[in-house]
Amino acid sequence: MPAFPAEDIWLEIPDLNLCFGLSHPDGPTDSQGWFTFSGSPGMGGWNDPASSPPYARVLVVGNILFDETGQLISPTIVANSPDINADLTVNLIDLSLFSADFFGSYSFRSDFYWDGEINLIDLATMAVLMGDTCP
């Protein structure tokens, strides 16, 4: 549908809590009904690609979107956030979870640099974003 409003199209990603208004496409559908998502949505939480497929769902007016062959449109989106517990605020709860990973065994949820280890780069990311909330 051409000129379909962006606010009626959104992403849902299991295990992630997207900030209100930041999960919509870049604009309304074009003259052929296409739309795009770009940039990074604001969100809290994390999903681990090693434990379950991190598939997203695209919804249009609350209905899951399928392609012309009837296949579910389900882009793969992998993410982690310093807001580890997904309450949309980076706070001491998240720091406690991060600390357990920093001093314990590896967990993807605290590897913000995505280099396969939890180290000072990840700690710096946590420190810089401490206190942040969704806009």
# chains A, B, ... in the order shown; residues from 1 in each chain; ligands from 1
$ residues_around --residues "A:Gly104" --least-positions-apart "4" --cutoff "12 Å" --atoms "only C-alpha atoms" --output "list in words"
Ser96, Leu97, Phe98, Ser99, Ala100, Ser110, Glu117, Ile118 and Asn119 of chain A
$ select_by_dssp --residues "stretch 73-106 of chain A" --states "alpha helix (DSSP H)" --output "JSON, numbers by chain"
{"A": [92, 93, 94, 95, 96, 97, 98, 99, 100, 101, 102, 103]}
$ write_last_selection --atoms "C-alpha atoms" --output "CSV table (one decimal), in the first residue's frame"
chain,number,residue,atom,x,y,z
A,92,LEU,CA,22.7,-0.5,39.5
A,93,ILE,CA,20.6,-3.6,38.8
A,94,ASP,CA,22.3,-3.7,35.4
A,95,LEU,CA,25.7,-3.0,36.9
A,96,SER,CA,25.2,-6.0,39.3
A,97,LEU,CA,24.4,-8.3,36.4
A,98,PHE,CA,27.4,-7.0,34.4
A,99,SER,CA,29.7,-7.5,37.4
A,100,ALA,CA,28.7,-11.1,37.6
A,101,ASP,CA,29.6,-11.6,34.0
A,102,PHE,CA,32.8,-9.5,34.2
A,103,PHE,CA,34.1,-11.6,37.1
$ closest_residue --among "A:Asn85, A:Ala127, A:Leu16, A:Pro5" --to "A:Met43" --atoms "only C-alpha atoms"
A:Leu16
$ atom_distance --atom1 "atom CA of A:Gly45" --atom2 "atom CA of A:Ala79"
7.9 Å
$ select_by_dssp --residues "stretch 18-125 of chain A" --states "strand (DSSP E or B)" --output "list in words"
Leu18, Met43, Gly44, Gly45, Trp46, Tyr55, Arg57, Val58, Leu59, Val60, Asn63, Ile64, Phe66, Leu72, Thr76, Asn80 and Thr89 of chain A
$ write_last_selection --atoms "N, CA and C atoms" --output "PDB file, in the first residue's frame"
ATOM      1  N   LEU A  18      11.839  -2.458  23.301  1.00  0.00           N
ATOM      2  CA  LEU A  18      12.138  -1.298  22.452  1.00  0.00           C
ATOM      3  C   LEU A  18      11.540  -0.029  23.041  1.00  0.00           C
ATOM      4  N   MET A  43      16.687   0.502  22.883  1.00  0.00           N
ATOM      5  CA  MET A  43      16.085  -0.670  23.508  1.00  0.00           C
ATOM      6  C   MET A  43      16.861  -1.083  24.735  1.00  0.00           C
ATOM      7  N   GLY A  44      16.219  -1.936  25.509  1.00  0.00           N
ATOM      8  CA  GLY A  44      16.864  -2.557  26.649  1.00  0.00           C
ATOM      9  C   GLY A  44      16.793  -4.062  26.506  1.00  0.00           C
ATOM     10  N   GLY A  45      17.689  -4.736  27.165  1.00  0.00           N
ATOM     11  CA  GLY A  45      17.705  -6.191  27.131  1.00  0.00           C
ATOM     12  C   GLY A  45      18.761  -6.726  26.183  1.00  0.00           C
ATOM     13  N   TRP A  46      18.637  -8.007  25.900  1.00  0.00           N
ATOM     14  CA  TRP A  46      19.605  -8.673  25.029  1.00  0.00           C
ATOM     15  C   TRP A  46      18.995  -9.980  24.535  1.00  0.00           C
ATOM     16  N   TYR A  55      15.012 -13.755  16.057  1.00  0.00           N
ATOM     17  CA  TYR A  55      14.167 -13.255  14.984  1.00  0.00           C
ATOM     18  C   TYR A  55      13.248 -12.147  15.462  1.00  0.00           C
ATOM     19  N   ARG A  57       9.839  -9.646  14.445  1.00  0.00           N
ATOM     20  CA  ARG A  57       8.603  -9.682  13.664  1.00  0.00           C
ATOM     21  C   ARG A  57       8.270  -8.266  13.255  1.00  0.00           C
ATOM     22  N   VAL A  58       7.788  -8.117  12.033  1.00  0.00           N
ATOM     23  CA  VAL A  58       7.301  -6.833  11.553  1.00  0.00           C
ATOM     24  C   VAL A  58       5.784  -6.885  11.632  1.00  0.00           C
ATOM     25  N   LEU A  59       5.193  -5.895  12.297  1.00  0.00           N
ATOM     26  CA  LEU A  59       3.749  -5.841  12.434  1.00  0.00           C
ATOM     27  C   LEU A  59       3.202  -4.625  11.710  1.00  0.00           C
ATOM     28  N   VAL A  60       2.061  -4.810  11.083  1.00  0.00           N
ATOM     29  CA  VAL A  60       1.359  -3.727  10.414  1.00  0.00           C
ATOM     30  C   VAL A  60      -0.037  -3.672  11.025  1.00  0.00           C
ATOM     31  N   ASN A  63      -0.881  -6.667  13.021  1.00  0.00           N
ATOM     32  CA  ASN A  63      -0.876  -7.973  12.356  1.00  0.00           C
ATOM     33  C   ASN A  63       0.518  -8.306  11.867  1.00  0.00           C
ATOM     34  N   ILE A  64       0.958  -9.533  12.122  1.00  0.00           N
ATOM     35  CA  ILE A  64       2.280  -9.963  11.677  1.00  0.00           C
ATOM     36  C   ILE A  64       2.332  -9.954  10.153  1.00  0.00           C
ATOM     37  N   PHE A  66       3.573 -10.970   6.431  1.00  0.00           N
ATOM     38  CA  PHE A  66       4.037 -12.102   5.634  1.00  0.00           C
ATOM     39  C   PHE A  66       4.363 -11.595   4.233  1.00  0.00           C
ATOM     40  N   LEU A  72       6.614 -15.876   6.776  1.00  0.00           N
ATOM     41  CA  LEU A  72       6.743 -14.844   7.794  1.00  0.00           C
ATOM     42  C   LEU A  72       7.954 -13.968   7.484  1.00  0.00           C
ATOM     43  N   THR A  76      16.616 -11.190  11.088  1.00  0.00           N
ATOM     44  CA  THR A  76      17.444 -11.566  12.229  1.00  0.00           C
ATOM     45  C   THR A  76      18.062 -10.303  12.820  1.00  0.00           C
ATOM     46  N   ASN A  80      22.470  -6.445  22.196  1.00  0.00           N
ATOM     47  CA  ASN A  80      22.598  -6.404  23.644  1.00  0.00           C
ATOM     48  C   ASN A  80      22.751  -4.947  24.049  1.00  0.00           C
ATOM     49  N   THR A  89      16.192   1.494  31.717  1.00  0.00           N
ATOM     50  CA  THR A  89      17.083   2.386  32.448  1.00  0.00           C
ATOM     51  C   THR A  89      18.360   1.627  32.774  1.00  0.00           C
TER      52      THR A  89
END
